Amino acid sequence: MSDVVRWGILGNAMIARDFMIPAMEASDLCQVTAVASRTAVPASIAPHAKHYDSYEALLHDPDVDAVYVPVPNALHEKWSIEAMRCGKHVLCEKPMACTAAAGERMLRAAEDNGVLLMEAFMYRYGEPFRKMMQIVSDGTIGPIAAMYGCHGYTLDWASPAREEAELGGGSIYDVGCYVVDCMNAVMAQQGVKPTACSAVARMKGGVDWNAAAWLKYENGVVGSLQCWFDAASEQRVLLAGQKGTLMIPNLFEGTGGPMYLTVDGKTEVIQTVSANPYQLEAEAFSRAVLGQSSERMPLSHTIQNLQTLEGLYNNL
């Protein structure tokens with residue numbers, strides 16, 4: 001078996017150009033073999049890779065082992081399933097689909113074709129997420145009693161994938177999904193599932209431009225979240241336990257920095273190591289493709305997230 005995964009990239013999305021492709025090219029486990037786009041890809045992007053003008057051509061390339069799917073949310077299901085039918089492993093950008101039913105169809109396609117599928121929540125591979133989960137698991141702040149999270153920025157450039165409902169746009173899908181994933185992951189570690197949710201939003205052009213929501217869990221814990229496209233950039237998570245609190249600024253960047261742990265009225269600043277979460281994510285999935293031990297985001301978490309996101313949109 002090869003010791004490197006040959007990657008194909010579907011589309012010319014900014015997240016692929018600016019983050020994932022450079023991360024893969026920096027890794028000894030990844031090789032960007034092909035890029036496909038219906039629009040011109042800059043020559044500087046994966047210059048040694050094959051460049052296709054159709055997704056289908058890339059998917060039928062026998063030199064591609066795995067495919068990264070960063071197309072608009074509403075197209076994730078179609079192109080991930082097409083890739084899996086061609087025998088390619090798939091790393092699909094978050095949210096993996098726009099409905100839980102679509103996510104289930106994607107899981108079945110992976111099983112039917114004997115390939116791996118994973119949702120790309122890169123922040124889970126950074127040290128801040130891992131440290132947060134360790135602190136929760138250790139019981140340092142006690143059982144979780146309340147949670148708050150926010151993620152937003154000013155969308156001041158043309159972005160059809162974020163602005164158009166038919167493409168799966170909206171602030172909840174784009175950035176609110178990070179908060180949903182974080183809260184669900186924390187509560188899943190404590191063996192608790194979400195049972196109810198609701199949201200309110202200011203709409204613009206048919207999508208939620210600014211939203212607030214709450215999630216309720218089996219044990220009665222409620223988490224609140226905010227996300228937006230129309231204010232200055234900010235992101236943070238606050239976990240309040242029965243013994244103390246943990247506040248993590250910039251958790252969803254996944255790149256390290258300070259965390260603030262307060263127990264018995266005393267605050268400790270915990271510094272986390274800076275690393276490229278996109279590279280760590282690509283390497284984790286590549287190890288799994290190569291048959292090596294790997295820590296991957298569970299598909300059960302993905303489906304639970306999709307159920308929650310669908311519930312929020314159904315209750316807007």
# chains A, B, ... in the order shown; residues from 1 in each chain; ligands from 1

$ residues_around --residues "Ser286 of chain A" --least-positions-apart "4" --cutoff "9 Å" --atoms "only C-alpha atoms" --output "VMD selection string"
chain A and resid 4 to 5 29 to 30 66 281 to 282 290 to 292 294

$ closest_atom_pairs --of "segment 49-138 of chain A" --to "segment 306-310 of chain A" --cutoff "10 Å" --atoms "only C-alpha atoms" --output "Markdown table"
| residue | atom | partner | partner_atom | distance |
| --- | --- | --- | --- | --- |
| A:Lys94 | CA | A:Leu306 | CA | 9.9 |
| A:Pro95 | CA | A:Leu306 | CA | 7.4 |
| A:Met96 | CA | A:Leu306 | CA | 7.9 |
| A:Ala97 | CA | A:Leu306 | CA | 7.1 |
| A:Cys98 | CA | A:Leu306 | CA | 7.0 |
| A:Thr99 | CA | A:Leu306 | CA | 5.8 |
| A:Ala100 | CA | A:Leu306 | CA | 4.9 |
| A:Ala101 | CA | A:Leu306 | CA | 8.7 |
| A:Ala102 | CA | A:Leu306 | CA | 9.1 |
| A:Gly103 | CA | A:Leu306 | CA | 7.4 |
| A:Glu104 | CA | A:Leu306 | CA | 9.8 |

$ write_last_selection --atoms "C-alpha atoms" --output "compact mmCIF listing (two decimals), in the first residue's frame"
# COMPACT_ATOMS: atom_id res chain seq x y z
CA LYS A 94 -19.26 21.23 6.77
CA PRO A 95 -22.21 21.05 6.97
CA MET A 96 -22.02 17.71 5.20
CA ALA A 97 -25.57 18.12 3.89
CA CYS A 98 -28.60 20.35 4.25
CA THR A 99 -30.83 17.67 5.78
CA ALA A 100 -30.35 14.59 7.94
CA ALA A 101 -31.96 12.45 5.23
CA ALA A 102 -29.34 13.62 2.74
CA GLY A 103 -26.62 12.81 5.26
CA GLU A 104 -28.02 9.31 5.68

$ closest_residue --among "A:Leu246, A:Leu215, A:Cys182, A:Leu58" --to "Trp79 of chain A" --atoms "only C-alpha atoms"
A:Leu58

$ closest_residue --among "A:Val192, A:Cys86, A:Ala232, A:Ile303" --to "Arg105 of chain A" --atoms "only C-alpha atoms"
A:Ile303

$ select_by_dssp --residues "segment 4-45 of chain A" --states "alpha helix (DSSP H)" --output "list in words"
Met14, Ile15, Ile21, Pro22, Ala23, Met24 and Glu25 of chain A

$ residues_around --residues "Asp230 of chain A" --least-positions-apart "2" --cutoff "9 Å" --atoms "only C-alpha atoms" --output "ChimeraX atom specification"
/A:152-156,209-210,228,232

$ write_last_selection --atoms "N, CA, C and O atoms" --output "mmCIF file, in the first residue's frame"
data_model
loop_
_atom_site.group_PDB
_atom_site.id
_atom_site.type_symbol
_atom_site.label_atom_id
_atom_site.label_comp_id
_atom_site.auth_asym_id
_atom_site.auth_seq_id
_atom_site.Cartn_x
_atom_site.Cartn_y
_atom_site.Cartn_z
ATOM 1 N N GLY A 152 -19.426 34.811 14.067
ATOM 2 C CA GLY A 152 -19.963 35.694 13.041
ATOM 3 C C GLY A 152 -18.890 36.596 12.462
ATOM 4 O O GLY A 152 -17.794 36.724 13.002
ATOM 5 N N TYR A 153 -19.237 37.243 11.357
ATOM 6 C CA TYR A 153 -18.315 38.153 10.680
ATOM 7 C C TYR A 153 -19.131 39.006 9.710
ATOM 8 O O TYR A 153 -20.329 38.757 9.482
ATOM 9 N N THR A 154 -18.490 39.994 9.122
ATOM 10 C CA THR A 154 -19.146 40.839 8.128
ATOM 11 C C THR A 154 -18.950 40.235 6.749
ATOM 12 O O THR A 154 -17.814 40.132 6.266
ATOM 13 N N LEU A 155 -20.027 39.813 6.135
ATOM 14 C CA LEU A 155 -19.971 39.288 4.768
ATOM 15 C C LEU A 155 -20.110 40.478 3.826
ATOM 16 O O LEU A 155 -21.213 40.902 3.475
ATOM 17 N N ASP A 156 -18.975 41.028 3.416
ATOM 18 C CA ASP A 156 -18.990 42.231 2.585
ATOM 19 C C ASP A 156 -18.391 41.983 1.204
ATOM 20 O O ASP A 156 -17.859 42.887 0.568
ATOM 21 N N TRP A 209 -29.487 36.011 7.884
ATOM 22 C CA TRP A 209 -28.299 36.865 7.875
ATOM 23 C C TRP A 209 -27.762 37.080 9.286
ATOM 24 O O TRP A 209 -26.599 37.369 9.488
ATOM 25 N N ASN A 210 -28.652 36.932 10.255
ATOM 26 C CA ASN A 210 -28.287 37.112 11.658
ATOM 27 C C ASN A 210 -29.269 36.265 12.462
ATOM 28 O O ASN A 210 -30.471 36.438 12.344
ATOM 29 N N TRP A 228 -23.834 35.427 12.677
ATOM 30 C CA TRP A 228 -24.209 36.590 11.866
ATOM 31 C C TRP A 228 -23.270 36.791 10.688
ATOM 32 O O TRP A 228 -22.140 36.299 10.662
ATOM 33 N N ALA A 232 -19.058 42.845 13.188
ATOM 34 C CA ALA A 232 -17.622 42.558 13.251
ATOM 35 C C ALA A 232 -17.366 41.101 13.622
ATOM 36 O O ALA A 232 -18.188 40.451 14.266
#

$ atom_distance --atom1 "atom CA of Arg296 of chain A" --atom2 "atom CA of Leu117 of chain A"
9.8 Å

$ residues_around --residues "Gln134 of chain A" --least-positions-apart "4" --cutoff "12 Å" --atoms "only C-alpha atoms" --output "list in words"
Glu127, Pro128, Phe129, Arg130, Asp138, Gly139, Thr140, Ile141, Ala185, Val186, Gln189, Gln190 and Leu246 of chain A

$ select_by_dssp --residues "segment 51-283 of chain A" --states "strand (DSSP E or B)" --output "PyMOL selection string"
chain A and resi 51-52+66-69+89-93+117-120+144-154+194-204+207-217+222-228+230-241+244-249+257-263+266-272

$ closest_residue --among "A:Val67, A:Ile135, A:Ala46, A:Leu238" --to "Ala26 of chain A" --atoms "only C-alpha atoms"
A:Ala46

$ closest_residue --among "A:Phe285, A:Tyr260, A:Tyr278, A:Trp7" --to "Leu239 of chain A" --atoms "only C-alpha atoms"
A:Tyr260

$ closest_residue --among "A:His76, A:Arg85, A:Arg17, A:Arg202" --to "Pro47 of chain A" --atoms "only C-alpha atoms"
A:Arg17

$ closest_residue --among "A:Gly11, A:Gly114, A:Pro249, A:Pro194" --to "Gln304 of chain A" --atoms "only C-alpha atoms"
A:Pro194

$ residues_around --residues "Asp18 of chain A" --least-positions-apart "4" --cutoff "12 Å" --atoms "only C-alpha atoms" --output "VMD selection string"
chain A and resid 12 to 14 22 to 25 42 44 to 46 278

$ write_last_selection --atoms "C-alpha atoms" --output "PDB file, in the first residue's frame"
ATOM      1  CA  ASN A  12     -12.335  26.641  -6.892  1.00  0.00           C
ATOM      2  CA  ALA A  13     -13.663  27.605  -3.451  1.00  0.00           C
ATOM      3  CA  MET A  14     -11.675  30.030  -1.327  1.00  0.00           C
ATOM      4  CA  PRO A  22      -1.653  24.610   0.975  1.00  0.00           C
ATOM      5  CA  ALA A  23      -2.225  22.416   4.044  1.00  0.00           C
ATOM      6  CA  MET A  24      -2.200  19.233   1.985  1.00  0.00           C
ATOM      7  CA  GLU A  25       0.885  20.311   0.064  1.00  0.00           C
ATOM      8  CA  PRO A  42      -4.987  30.269 -10.724  1.00  0.00           C
ATOM      9  CA  SER A  44      -0.244  29.048  -8.603  1.00  0.00           C
ATOM     10  CA  ILE A  45      -2.825  26.665  -7.088  1.00  0.00           C
ATOM     11  CA  ALA A  46      -1.385  23.155  -7.001  1.00  0.00           C
ATOM     12  CA  TYR A 278      -6.506  21.947   8.037  1.00  0.00           C
TER      13      TYR A 278
END
